[in-house]
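upload09.tsv, holding TSV, C-alpha atoms and all ligand atoms:
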```
chain	number	residue	atom	x	y	z
A	1	MET	CA	96.24	5.80	4.36
A	2	ALA	CA	96.59	9.38	3.31
A	3	ASP	CA	96.72	11.95	6.11
A	4	ASP	CA	93.62	13.82	4.99
A	5	LEU	CA	91.61	10.59	5.21
A	6	ASP	CA	92.92	9.90	8.72
A	7	THR	CA	91.91	13.39	9.81
A	8	LEU	CA	88.47	13.00	8.29
A	9	ARG	CA	88.02	9.63	9.96
A	10	ALA	CA	88.97	11.12	13.34
A	11	ASP	CA	86.52	14.01	12.82
A	12	ILE	CA	83.67	11.67	11.96
A	13	GLU	CA	84.47	9.41	14.92
A	14	ALA	CA	84.36	12.42	17.24
A	15	ALA	CA	81.06	13.56	15.77
A	16	LEU	CA	79.62	10.04	16.23
A	17	ALA	CA	80.69	9.88	19.84
A	18	GLY	CA	79.08	13.28	20.41
A	19	ALA	CA	75.74	12.33	18.77
A	20	ALA	CA	73.44	12.08	21.78
A	21	ASP	CA	70.30	10.87	20.02
A	22	LEU	CA	69.08	9.35	16.78
A	23	ARG	CA	68.41	12.71	15.23
A	24	ALA	CA	71.97	13.93	15.89
A	25	LEU	CA	73.25	10.63	14.54
A	26	ASP	CA	71.37	11.16	11.31
A	27	ALA	CA	72.95	14.59	10.93
A	28	VAL	CA	76.40	12.94	11.17
A	29	ARG	CA	75.37	10.38	8.56
A	30	VAL	CA	74.22	13.07	6.14
A	31	ALA	CA	77.39	15.15	6.68
A	32	ALA	CA	79.57	12.14	5.85
A	33	LEU	CA	77.64	9.96	3.41
A	34	GLY	CA	74.81	12.19	2.19
A	35	LYS	CA	74.61	13.57	-1.33
A	36	SER	CA	77.00	16.41	-0.56
A	37	GLY	CA	78.70	14.58	2.33
A	38	GLN	CA	82.46	14.65	2.86
A	39	VAL	CA	83.10	11.00	1.97
A	40	THR	CA	80.75	11.27	-1.00
A	41	GLY	CA	82.70	14.34	-2.13
A	42	LEU	CA	85.95	12.37	-2.04
A	43	LEU	CA	84.42	9.59	-4.14
A	44	LYS	CA	83.17	12.10	-6.66
A	45	GLY	CA	86.64	13.71	-6.82
A	46	LEU	CA	88.27	10.41	-7.90
A	47	GLY	CA	87.27	10.97	-11.51
A	48	ALA	CA	89.61	13.95	-11.78
A	49	LEU	CA	92.73	11.89	-10.78
A	50	PRO	CA	95.11	10.21	-13.21
A	51	PRO	CA	94.25	6.46	-13.55
A	52	GLU	CA	97.07	4.95	-11.45
A	53	GLU	CA	96.51	7.38	-8.57
A	54	ARG	CA	92.71	6.92	-8.85
A	55	ARG	CA	92.96	3.19	-8.16
A	56	ALA	CA	94.96	3.46	-4.92
A	57	ARG	CA	93.05	6.49	-3.64
A	58	GLY	CA	89.70	4.92	-4.59
A	59	ALA	CA	90.50	1.83	-2.54
A	60	GLU	CA	91.39	3.96	0.49
A	61	VAL	CA	88.26	6.12	0.27
A	62	ASN	CA	86.10	3.00	-0.04
A	63	VAL	CA	87.72	1.49	3.04
A	64	LEU	CA	86.94	4.72	4.91
A	65	LYS	CA	83.36	4.65	3.65
A	66	GLY	CA	82.89	1.08	4.93
A	67	GLU	CA	84.35	2.04	8.32
A	68	VAL	CA	82.03	5.03	8.61
A	69	GLU	CA	79.00	2.89	7.69
A	70	ARG	CA	79.83	0.29	10.34
A	71	ALA	CA	80.51	2.95	12.97
A	72	LEU	CA	77.16	4.60	12.21
A	73	GLU	CA	75.38	1.26	12.60
A	74	THR	CA	77.08	0.51	15.92
A	75	ARG	CA	76.23	3.94	17.28
A	76	ARG	CA	72.62	3.60	16.07
A	77	ALA	CA	72.20	0.30	17.90
A	78	THR	CA	73.59	1.85	21.10
A	79	LEU	CA	71.32	4.88	20.88
A	80	GLU	CA	68.25	2.79	20.09
A	81	ALA	CA	68.89	0.54	23.07
A	82	ALA	CA	69.31	3.60	25.29
A	83	ALA	CA	66.07	5.13	23.96
A	84	LEU	CA	64.19	1.88	24.69
A	85	ASP	CA	65.67	1.69	28.21
A	86	ALA	CA	64.62	5.30	28.86
A	87	ARG	CA	61.08	4.57	27.66
A	88	LEU	CA	60.77	1.42	29.74
A	89	ALA	CA	61.97	3.34	32.79
A	90	ALA	CA	59.51	6.19	32.13
A	91	GLU	CA	56.57	3.79	31.72
A	92	ARG	CA	57.50	1.64	34.68
A	93	LEU	CA	54.55	0.69	36.91
A	94	ASP	CA	54.91	-0.43	40.46
A	95	VAL	CA	52.09	-2.97	40.66
A	96	SER	CA	52.99	-3.76	44.26
A	97	LEU	CA	52.06	-0.28	45.51
A	98	PRO	CA	49.20	-0.41	48.01
A	99	PRO	CA	45.97	1.29	46.94
A	100	ARG	CA	45.71	4.90	48.01
A	101	ALA	CA	43.13	5.85	50.59
A	102	ALA	CA	41.74	8.75	48.58
A	103	ALA	CA	41.66	8.71	44.79
A	104	PRO	CA	44.19	11.23	43.49
A	105	ALA	CA	43.18	13.55	40.70
A	106	GLY	CA	44.71	13.19	37.26
A	107	PRO	CA	45.30	10.32	34.86
A	108	GLU	CA	46.48	7.90	37.55
A	109	ALA	CA	43.16	8.13	39.36
A	110	GLY	CA	41.68	5.30	37.33
A	111	SER	CA	39.34	5.97	34.46
A	112	ILE	CA	36.18	4.78	32.78
A	113	HIS	CA	36.75	2.32	29.92
A	114	PRO	CA	35.13	3.46	26.65
A	115	ILE	CA	32.79	0.43	26.64
A	116	SER	CA	31.54	1.31	30.13
A	117	ARG	CA	31.24	4.93	29.08
A	118	THR	CA	29.10	4.02	26.07
A	119	MET	CA	26.91	1.86	28.32
A	120	GLU	CA	26.47	4.82	30.68
A	121	GLU	CA	25.48	6.94	27.70
A	122	LEU	CA	23.02	4.32	26.43
A	123	ILE	CA	21.42	4.03	29.86
A	124	ALA	CA	21.14	7.82	30.22
A	125	LEU	CA	19.77	8.44	26.72
A	126	PHE	CA	17.28	5.56	26.70
A	127	GLY	CA	16.51	6.21	30.37
A	128	ALA	CA	15.29	9.66	29.37
A	129	MET	CA	12.92	7.92	26.94
A	130	GLY	CA	11.52	5.71	29.73
A	131	PHE	CA	13.62	2.57	29.22
A	132	ALA	CA	14.74	0.43	32.20
A	133	VAL	CA	17.81	-1.82	32.13
A	134	ALA	CA	17.34	-5.62	31.94
A	135	GLU	CA	19.96	-8.34	32.22
A	136	GLY	CA	20.36	-12.03	31.43
A	137	PRO	CA	23.00	-14.74	31.81
A	138	ASP	CA	26.03	-15.14	29.53
A	139	ILE	CA	25.45	-18.91	29.45
A	140	GLU	CA	22.12	-19.44	27.75
A	141	GLY	CA	19.92	-22.33	26.84
A	142	ASP	CA	19.43	-23.17	23.18
A	143	TRP	CA	15.72	-22.31	23.53
A	144	HIS	CA	16.27	-18.74	24.78
A	145	ASN	CA	19.13	-17.98	22.39
A	146	PHE	CA	17.55	-19.50	19.27
A	147	SER	CA	14.24	-21.38	19.28
A	148	ALA	CA	12.11	-18.88	21.23
A	149	LEU	CA	13.39	-16.19	18.87
A	150	ASN	CA	11.91	-18.11	15.94
A	151	ILE	CA	15.31	-19.44	14.80
A	152	PRO	CA	14.42	-23.09	14.10
A	153	GLU	CA	16.73	-26.09	14.34
A	154	HIS	CA	18.29	-26.02	10.89
A	155	HIS	CA	18.00	-22.31	10.23
A	156	PRO	CA	21.10	-20.74	8.63
A	157	ALA	CA	21.11	-18.05	11.35
A	158	ARG	CA	22.39	-20.69	13.76
A	159	GLN	CA	25.48	-21.18	11.61
A	160	ASP	CA	25.89	-17.44	10.98
A	161	HIS	CA	26.39	-16.91	14.67
A	162	ASP	CA	29.61	-18.97	15.06
A	163	THR	CA	28.33	-20.22	18.36
A	164	PHE	CA	30.47	-21.37	21.30
A	165	TYR	CA	28.79	-24.50	22.63
A	166	LEU	CA	29.32	-25.93	26.11
A	167	THR	CA	29.14	-29.60	27.04
A	168	ALA	CA	25.58	-30.87	27.18
A	169	PRO	CA	24.20	-31.95	30.53
A	170	GLU	CA	23.06	-35.59	30.75
A	171	GLY	CA	20.26	-36.09	28.25
A	172	GLY	CA	19.94	-32.35	27.59
A	173	ARG	CA	20.84	-29.85	24.90
A	174	ARG	CA	24.17	-28.07	24.76
A	175	PRO	CA	24.13	-24.69	26.53
A	176	VAL	CA	25.68	-21.82	24.55
A	177	LEU	CA	27.55	-18.62	25.30
A	178	ARG	CA	24.84	-16.23	24.18
A	179	THR	CA	25.51	-15.07	20.61
A	180	HIS	CA	23.43	-11.92	21.04
A	181	THR	CA	21.52	-10.01	23.71
A	182	SER	CA	18.19	-10.94	22.07
A	183	PRO	CA	17.46	-13.87	24.47
A	184	VAL	CA	16.90	-11.24	27.16
A	185	GLN	CA	13.84	-10.15	25.15
A	186	ILE	CA	12.35	-13.56	25.94
A	187	ARG	CA	13.44	-13.52	29.59
A	188	THR	CA	11.97	-10.04	30.11
A	189	MET	CA	8.63	-10.88	28.49
A	190	LEU	CA	8.34	-14.04	30.57
A	191	ALA	CA	9.22	-12.19	33.78
A	192	GLN	CA	7.07	-9.09	33.53
A	193	GLU	CA	3.70	-8.02	32.27
A	194	PRO	CA	3.56	-5.57	29.38
A	195	PRO	CA	3.86	-2.69	28.78
A	196	ILE	CA	7.63	-3.20	28.62
A	197	ARG	CA	10.40	-0.77	27.75
A	198	VAL	CA	13.93	-2.09	28.35
A	199	ILE	CA	17.43	-1.95	27.02
A	200	VAL	CA	19.89	-4.79	27.60
A	201	PRO	CA	23.56	-3.83	27.48
A	202	GLY	CA	25.79	-6.86	27.92
A	203	ARG	CA	28.48	-9.32	26.83
A	204	THR	CA	27.99	-11.54	23.80
A	205	TRP	CA	30.14	-14.28	22.25
A	206	ARG	CA	31.02	-15.54	18.77
A	207	ALA	CA	33.98	-17.57	17.47
A	208	ASP	CA	35.44	-14.79	15.36
A	209	HIS	CA	38.66	-12.78	15.73
A	210	ASP	CA	40.20	-9.97	13.66
A	211	ALA	CA	40.60	-6.17	13.69
A	212	THR	CA	36.83	-5.66	13.88
A	213	HIS	CA	35.66	-8.91	15.57
A	214	SER	CA	36.42	-10.32	18.98
A	215	PRO	CA	35.20	-13.63	20.46
A	216	MET	CA	33.75	-11.59	23.34
A	217	PHE	CA	32.05	-8.33	22.50
A	218	HIS	CA	29.10	-6.27	23.68
A	219	GLN	CA	25.66	-5.54	22.34
A	220	VAL	CA	22.71	-3.53	23.47
A	221	GLU	CA	19.25	-4.87	22.83
A	222	GLY	CA	16.10	-2.78	22.99
A	223	LEU	CA	12.55	-4.02	23.49
A	224	VAL	CA	9.28	-2.09	23.62
A	225	ILE	CA	5.94	-3.86	24.08
A	226	GLY	CA	2.69	-1.93	24.33
A	227	ARG	CA	-0.75	-1.52	22.85
A	228	GLY	CA	-0.79	-0.06	19.38
A	229	ILE	CA	3.02	0.17	19.10
A	230	HIS	CA	3.91	0.67	15.43
A	231	MET	CA	6.84	1.37	13.16
A	232	GLY	CA	6.57	5.11	13.76
A	233	HIS	CA	7.56	4.50	17.39
A	234	LEU	CA	10.51	2.39	16.28
A	235	LYS	CA	11.72	5.00	13.81
A	236	GLY	CA	11.25	7.95	16.14
A	237	THR	CA	13.06	6.22	19.01
A	238	LEU	CA	16.04	5.17	16.91
A	239	VAL	CA	16.41	8.46	15.04
A	240	ASP	CA	16.32	10.41	18.32
A	241	PHE	CA	18.78	8.03	19.94
A	242	LEU	CA	21.30	8.02	17.06
A	243	ARG	CA	21.30	11.81	16.74
A	244	ALA	CA	21.77	12.27	20.50
A	245	PHE	CA	24.43	9.56	20.81
A	246	PHE	CA	26.58	10.82	17.95
A	247	GLY	CA	25.86	14.44	18.87
A	248	ILE	CA	24.79	15.36	15.32
A	249	ALA	CA	21.36	17.01	15.27
A	250	ASP	CA	20.75	16.43	11.55
A	251	LEU	CA	22.45	13.02	11.25
A	252	PRO	CA	20.93	11.31	8.19
A	253	VAL	CA	19.24	8.01	9.17
A	254	ARG	CA	17.94	5.44	6.68
A	255	PHE	CA	15.72	2.42	7.32
A	256	ARG	CA	16.33	-0.43	4.89
A	257	ALA	CA	14.18	-3.57	4.57
A	258	SER	CA	16.04	-6.62	5.83
A	259	TYR	CA	15.42	-9.99	7.46
A	260	PHE	CA	15.72	-11.27	11.02
A	261	PRO	CA	13.81	-14.36	12.17
A	262	PHE	CA	12.52	-12.60	15.30
A	263	THR	CA	11.05	-9.48	13.66
A	264	GLU	CA	8.50	-8.88	10.92
A	265	PRO	CA	9.00	-6.57	9.14
A	266	SER	CA	12.73	-6.24	9.77
A	267	MET	CA	14.91	-3.24	9.06
A	268	GLU	CA	18.57	-2.45	9.06
A	269	VAL	CA	19.38	1.10	10.03
A	270	ASP	CA	22.10	3.10	8.28
A	271	ILE	CA	23.60	6.47	9.17
A	272	GLY	CA	25.10	9.02	6.80
A	273	TRP	CA	28.88	9.28	6.61
A	274	SER	CA	31.77	9.81	4.25
A	275	ARG	CA	33.46	6.55	3.25
A	276	ARG	CA	36.51	8.56	2.22
A	277	THR	CA	37.15	10.57	5.41
A	278	GLY	CA	35.21	8.48	7.93
A	279	GLU	CA	33.35	11.59	9.07
A	280	LEU	CA	29.83	10.98	10.31
A	281	GLY	CA	26.81	13.04	9.26
A	282	GLN	CA	27.86	14.10	5.79
A	283	GLY	CA	29.51	12.78	2.66
A	284	GLY	CA	26.61	11.00	0.95
A	285	ASP	CA	27.55	7.39	1.87
A	286	TRP	CA	25.63	5.03	4.18
A	287	LEU	CA	26.95	2.92	7.02
A	288	GLU	CA	24.95	0.07	8.53
A	289	ILE	CA	24.72	0.48	12.27
A	290	LEU	CA	21.99	-1.72	13.75
A	291	GLY	CA	19.20	-4.24	13.21
A	292	SER	CA	15.59	-3.68	14.19
A	293	GLY	CA	11.99	-4.58	13.48
A	294	MET	CA	8.51	-5.21	14.81
A	295	VAL	CA	8.58	-8.16	17.22
A	296	HIS	CA	7.40	-11.28	15.36
A	297	PRO	CA	3.98	-12.52	16.59
A	298	LYS	CA	5.49	-15.99	17.08
A	299	VAL	CA	8.13	-14.53	19.40
A	300	LEU	CA	5.45	-12.77	21.46
A	301	ALA	CA	3.48	-16.02	21.66
A	302	ASN	CA	6.61	-18.03	22.59
A	303	ALA	CA	7.12	-15.62	25.50
A	304	GLY	CA	3.51	-15.88	26.67
A	305	ILE	CA	2.23	-12.57	25.28
A	306	ASP	CA	-0.94	-12.46	23.16
A	307	PRO	CA	0.07	-10.98	19.79
A	308	ARG	CA	-3.50	-9.86	19.10
A	309	ALA	CA	-3.47	-7.65	22.18
A	310	TRP	CA	0.14	-6.43	22.20
A	311	GLN	CA	2.62	-5.20	19.64
A	312	GLY	CA	6.24	-4.21	19.95
A	313	PHE	CA	9.52	-3.35	18.38
A	314	ALA	CA	13.07	-4.46	19.06
A	315	PHE	CA	16.55	-3.49	18.02
A	316	GLY	CA	20.12	-4.63	18.59
A	317	MET	CA	23.50	-3.04	17.99
A	318	GLY	CA	27.17	-3.59	18.72
A	319	ILE	CA	28.55	-1.43	21.52
A	320	GLU	CA	32.17	-1.63	20.33
A	321	ARG	CA	31.05	-0.63	16.85
A	322	ILE	CA	29.21	2.54	17.89
A	323	THR	CA	32.04	3.41	20.28
A	324	MET	CA	34.67	3.03	17.54
A	325	LEU	CA	32.61	5.19	15.18
A	326	LYS	CA	31.92	7.89	17.73
A	327	HIS	CA	35.54	8.23	18.82
A	328	GLY	CA	37.35	7.31	15.59
A	329	ILE	CA	38.94	4.18	17.11
A	330	PRO	CA	40.31	2.10	14.21
A	331	ASP	CA	40.98	-1.29	15.84
A	332	LEU	CA	38.83	-3.38	18.17
A	333	ARG	CA	41.56	-5.42	19.85
A	334	PRO	CA	42.98	-2.75	22.20
A	335	PHE	CA	39.58	-2.57	23.91
A	336	TYR	CA	40.55	-5.73	25.81
A	337	GLU	CA	44.32	-5.34	26.17
A	338	ALA	CA	44.43	-3.07	29.23
A	339	ASP	CA	47.22	-1.00	27.65
A	340	LEU	CA	47.53	2.08	29.85
A	341	ARG	CA	48.71	4.27	26.96
A	342	TRP	CA	45.53	3.43	25.00
A	343	LEU	CA	43.38	3.94	28.09
A	344	ARG	CA	44.97	7.31	28.86
A	345	HIS	CA	43.94	8.38	25.38
A	346	TYR	CA	40.42	6.93	25.11
A	347	ALA	CA	39.15	6.47	28.68
A	348	THR	CA	37.24	9.20	30.49
A	349	SER	CA	37.49	10.61	33.99
A	350	PRO	CA	35.26	9.05	36.64
A	351	LEU	CA	34.81	12.60	37.93
A	352	SER	CA	32.89	13.67	34.83
A	353	PRO	CA	30.14	11.08	34.33
A	354	PHE	CA	27.91	11.36	31.29
A	355	THR	CA	24.78	13.45	31.75
A	356	LEU	CA	22.02	14.36	29.35
A	357	HIS	CA	23.51	17.83	29.11
A	358	ASP	CA	26.43	16.26	27.22
A	359	ALA	CA	23.99	15.10	24.54
A	360	ALA	CA	22.08	18.36	24.24
B	401	LIG	N1	20.32	-10.12	17.41
B	401	LIG	C1	20.78	-9.54	16.16
B	401	LIG	C2	22.26	-9.88	15.95
B	401	LIG	O1	22.95	-10.16	16.87
B	401	LIG	C3	20.62	-8.04	16.16
B	401	LIG	C4	19.18	-7.63	16.17
B	401	LIG	C5	18.53	-7.41	14.98
B	401	LIG	C6	18.48	-7.49	17.36
B	401	LIG	C7	17.20	-7.04	14.94
B	401	LIG	C8	17.11	-7.12	17.33
B	401	LIG	C9	16.50	-6.89	16.10
B	401	LIG	O2	16.40	-6.96	18.44
B	401	LIG	O3	15.20	-6.51	16.10
B	401	LIG	O4	22.72	-9.85	14.84
```
Kindly transcribe the structure held in the file into structure tokens.
Ligand code: DAH
Amino acid sequence: MADDLDTLRADIEAALAGAADLRALDAVRVAALGKSGQVTGLLKGLGALPPEERRARGAEVNVLKGEVERALETRRATLEAAALDARLAAERLDVSLPPRAAAPAGPEAGSIHPISRTMEELIALFGAMGFAVAEGPDIEGDWHNFSALNIPEHHPARQDHDTFYLTAPEGGRRPVLRTHTSPVQIRTMLAQEPPIRVIVPGRTWRADHDATHSPMFHQVEGLVIGRGIHMGHLKGTLVDFLRAFFGIADLPVRFRASYFPFTEPSMEVDIGWSRRTGELGQGGDWLEILGSGMVHPKVLANAGIDPRAWQGFAFGMGIERITMLKHGIPDLRPFYEADLRWLRHYATSPLSPFTLHDAA
């Protein structure tokens, strides 16, 4: 091979050996094979040679080009492996370390998961409106989860819920993993005398899995029972809550007629946002955010409350959904993956719990 090609090859090899990271490597690639690179320049120059010389020289330059390409690839693989090793070393966790006596400050102190944080916010905001917290079991009876809520045996809502069924006890009905927090409406009404004002944050289950659905997720239910409770109470409560939760004082809120078996009338609630940018509060589009309605007289009666004496409203929403919207989280799955990098970004410090001042 011609001397000038040998010199060039040696220069490029030296530059490759000296490239300490992927960015430096790319600079070497551009200098050799880029549009005005040295090897490219030689290839372009072939056209000016007489035909017999062009053939021999062309073959040599192409051999050089192939060598340079392979050397670049080898170096890239080495640098990529080194970068991965460095990252693994930097993110190494010693899970065998004993717990520390006093919580250290900073990101390693442990942090509040965004779902827990939203629950704290729900409890604080509804607490200020006089709501207590109620709970119920994850494993429910068919009656609490469906029948008492006016969802009869062959009602399509039973299919809509993609229910996880458990094995039936001898002679009995199959228990279910509760498909919503609504059965706690029934449990609360059976356990306490009205007036009632509760929210029910908790786990719920449906056989569904993609970027916005998980087989286990969380809902919050709300239930208010009192004398003379009407739709104005429902609307005022939800508008106040949504504006405080999202921190947007003039958040547009729309109530849209809908259907749920356990409420009459039923309404879906939408908030204003921009479909294009995802920004909440402006943009002229509507986003459905929760279901609500006046508690159906049959549901009151099923739970032992006289519907002629008492009225109420109820609502239910997805906790992951409102958390994703509030914080611009695009994918549901990392909520349950315990990935410390995700948690460092989205979790909050246990030393700054939510207070009503945060919502003001
Ligand atoms: N339980 C419903 C669901 O999971 C949500 C819901 C709608 C709850 C309307 C309510 C309500 O309390 O009034 O889809």
Between CA of Ser214 (chain A) and CA of Thr348 (chain A), distance in Å (one decimal):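 Between CA of Ser214 (chain A) and CA of Thr348 (chain A) the gap is 22.7 Å.
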Please, which residues in chain A fall within 6 Å of ligand LIG 401 (chain B) when counting only C-alpha atoms and all ligand atoms, and what is the closest atom pair and distance in Å to one decimal for each, ordered by chain then residue number, as a tab-separated table?
```
residue	atom	partner	partner_atom	distance
A:His180	CA	B:LIG401	O1	4.6
A:Ser182	CA	B:LIG401	N1	5.2
A:Glu221	CA	B:LIG401	O2	5.6
A:Phe260	CA	B:LIG401	C7	6.0
A:Thr263	CA	B:LIG401	O3	5.7
A:Gly291	CA	B:LIG401	C5	3.7
A:Ser292	CA	B:LIG401	O3	3.4
A:Gly293	CA	B:LIG401	O3	4.6
A:Ala314	CA	B:LIG401	O3	4.2
A:Phe315	CA	B:LIG401	O2	3.5
A:Gly316	CA	B:LIG401	C6	3.5
```
Quick one: contact table of region 225-329 of chain A to region 150-168 of chain A, 9 Å max, nearest atom pair and distance in Å to one decimal per residue, counting all atoms listed in the file, chain and number order, as CSV?
```
residue,atom,partner,partner_atom,distance
A:Phe260,CA,A:Ala157,CA,8.7
A:Pro261,CA,A:Asn150,CA,5.6
A:Phe262,CA,A:Asn150,CA,5.6
A:Thr263,CA,A:Asn150,CA,9.0
A:His296,CA,A:Asn150,CA,8.2
A:Lys298,CA,A:Asn150,CA,6.9
A:Val299,CA,A:Asn150,CA,6.3
A:Asn302,CA,A:Asn150,CA,8.5
```
Using only C-alpha atoms, which residue out of A:Thr212, A:Glu69, A:Asp11, A:Glu288 lies closest to Arg275 (chain A)?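 Once distances to Arg275 (chain A) are computed over only C-alpha atoms, the minimum belongs to A:Glu288.
Here the question is which of A:His357, A:Lys326, A:Arg173, A:Arg341 gets nearest to Pro114 (chain A) using only C-alpha atoms, and that residue is A:Lys326.
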Computed interatomic separation between CA of Ile123 (chain A) and CA of Ile199 (chain A) (Å):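 A separation of 7.7 Å between them.
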Give the answer as one residue: which of A:Val176, A:Gly312, A:Leu97, A:Tyr259 has the shortest atom-to-atom distance to Gly232 (chain A), using only C-alpha atoms?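 Closest residue, counting only C-alpha atoms: A:Gly312.
With all atoms listed in the file as the atoms that count, the minimum distance from Val239 (chain A) to the choices A:Ala309, A:Leu290, A:Met216, A:Ala207 is reached by A:Leu290.
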With distances taken over only C-alpha atoms, which residue among A:His144, A:Arg227, A:Lys65, A:Arg174 lies nearest Pro194 (chain A)? A:Arg227
Write out as a list of chain:residue names the residues lying within 9 Å of Glu120 (chain A), counting all atoms listed in the file and excluding same-chain residues fewer than 3 positions away. A:Ile115, A:Ser116, A:Arg117, A:Ile123, A:Ala124, A:Leu125, A:Pro353, A:Phe354, A:Thr355
Which residues are near Val30 (chain A)? Cut-off 12 Å, only C-alpha atoms, ignore same chain within fewer than 2 positions. Put them as a list of chain:residue names. A:Ile12, A:Ala15, A:Leu16, A:Arg23, A:Ala24, A:Leu25, A:Asp26, A:Ala27, A:Val28, A:Ala32, A:Leu33, A:Gly34, A:Lys35, A:Ser36, A:Gly37, A:Gln38, A:Val39, A:Thr40, A:Gly41, A:Val68, A:Glu69, A:Leu72
Have a look at A:Pro307, A:Pro201, A:Gly247, A:Pro50 and name the one nearest to Glu320 (chain A); count all atoms listed in the file. A:Pro201
Find the residues around Ile186 (chain A) up to 12 Å (only C-alpha atoms counted), leave out those fewer than 4 positions away in its own chain, and share them as a PyMOL selection string. chain A and resi 134-136+140-141+143-150+181-182+190-192+196+198+200+221-223+225+262+295-296+298-305+314
Between CA of Met317 (chain A) and CA of Asp210 (chain A) - distance in Å to one decimal: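 Going from CA of Asp210 (chain A) over to CA of Met317 (chain A) covers 18.6 Å.
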Using the file's own x, y and z axes, so that the box edges lie along x, y and z, what centre and edge lengths in Å (one decimal) does a box around every listed atom of region 153-166 of chain A get when 4 Å is added on each side? Give it as AutoDock Vina command-line options.
```
--center_x 23.6 --center_y -21.5 --center_z 17.4 --size_x 21.7 --size_y 17.2 --size_z 25.5
```
Have region 82-87 of chain A completed to all heavy atoms, please, and pass it along as an mmCIF file, in the frame of the given file.
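File out09.cif, as written:
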```
data_model
loop_
_atom_site.group_PDB
_atom_site.id
_atom_site.type_symbol
_atom_site.label_atom_id
_atom_site.label_comp_id
_atom_site.auth_asym_id
_atom_site.auth_seq_id
_atom_site.Cartn_x
_atom_site.Cartn_y
_atom_site.Cartn_z
ATOM 1 N N ALA A 82 69.435 2.618 24.202
ATOM 2 C CA ALA A 82 69.310 3.600 25.290
ATOM 3 C C ALA A 82 67.919 4.224 25.273
ATOM 4 O O ALA A 82 67.307 4.435 26.321
ATOM 5 C CB ALA A 82 70.377 4.684 25.142
ATOM 6 N N ALA A 83 67.401 4.517 24.059
ATOM 7 C CA ALA A 83 66.070 5.130 23.960
ATOM 8 C C ALA A 83 65.014 4.168 24.515
ATOM 9 O O ALA A 83 64.097 4.575 25.230
ATOM 10 C CB ALA A 83 65.752 5.475 22.509
ATOM 11 N N LEU A 84 65.155 2.864 24.199
ATOM 12 C CA LEU A 84 64.190 1.880 24.690
ATOM 13 C C LEU A 84 64.263 1.781 26.221
ATOM 14 O O LEU A 84 63.237 1.762 26.910
ATOM 15 C CB LEU A 84 64.461 0.512 24.054
ATOM 16 C CG LEU A 84 63.486 -0.595 24.446
ATOM 17 C CD1 LEU A 84 62.061 -0.238 24.045
ATOM 18 C CD2 LEU A 84 63.888 -1.921 23.820
ATOM 19 N N ASP A 85 65.510 1.755 26.744
ATOM 20 C CA ASP A 85 65.670 1.690 28.210
ATOM 21 C C ASP A 85 64.986 2.887 28.867
ATOM 22 O O ASP A 85 64.289 2.745 29.879
ATOM 23 C CB ASP A 85 67.155 1.700 28.591
ATOM 24 C CG ASP A 85 67.771 0.332 28.356
ATOM 25 O OD1 ASP A 85 66.999 -0.627 28.152
ATOM 26 O OD2 ASP A 85 69.011 0.238 28.357
ATOM 27 N N ALA A 86 65.188 4.083 28.262
ATOM 28 C CA ALA A 86 64.620 5.300 28.860
ATOM 29 C C ALA A 86 63.097 5.198 28.859
ATOM 30 O O ALA A 86 62.431 5.540 29.834
ATOM 31 C CB ALA A 86 65.073 6.521 28.074
ATOM 32 N N ARG A 87 62.532 4.661 27.744
ATOM 33 C CA ARG A 87 61.080 4.570 27.660
ATOM 34 C C ARG A 87 60.530 3.562 28.658
ATOM 35 O O ARG A 87 59.526 3.793 29.323
ATOM 36 C CB ARG A 87 60.720 4.167 26.221
ATOM 37 C CG ARG A 87 59.264 4.079 26.012
ATOM 38 C CD ARG A 87 58.889 4.306 24.568
ATOM 39 N NE ARG A 87 57.516 3.865 24.422
ATOM 40 C CZ ARG A 87 57.048 3.253 23.356
ATOM 41 N NH1 ARG A 87 57.831 3.042 22.324
ATOM 42 N NH2 ARG A 87 55.804 2.875 23.304
#
```
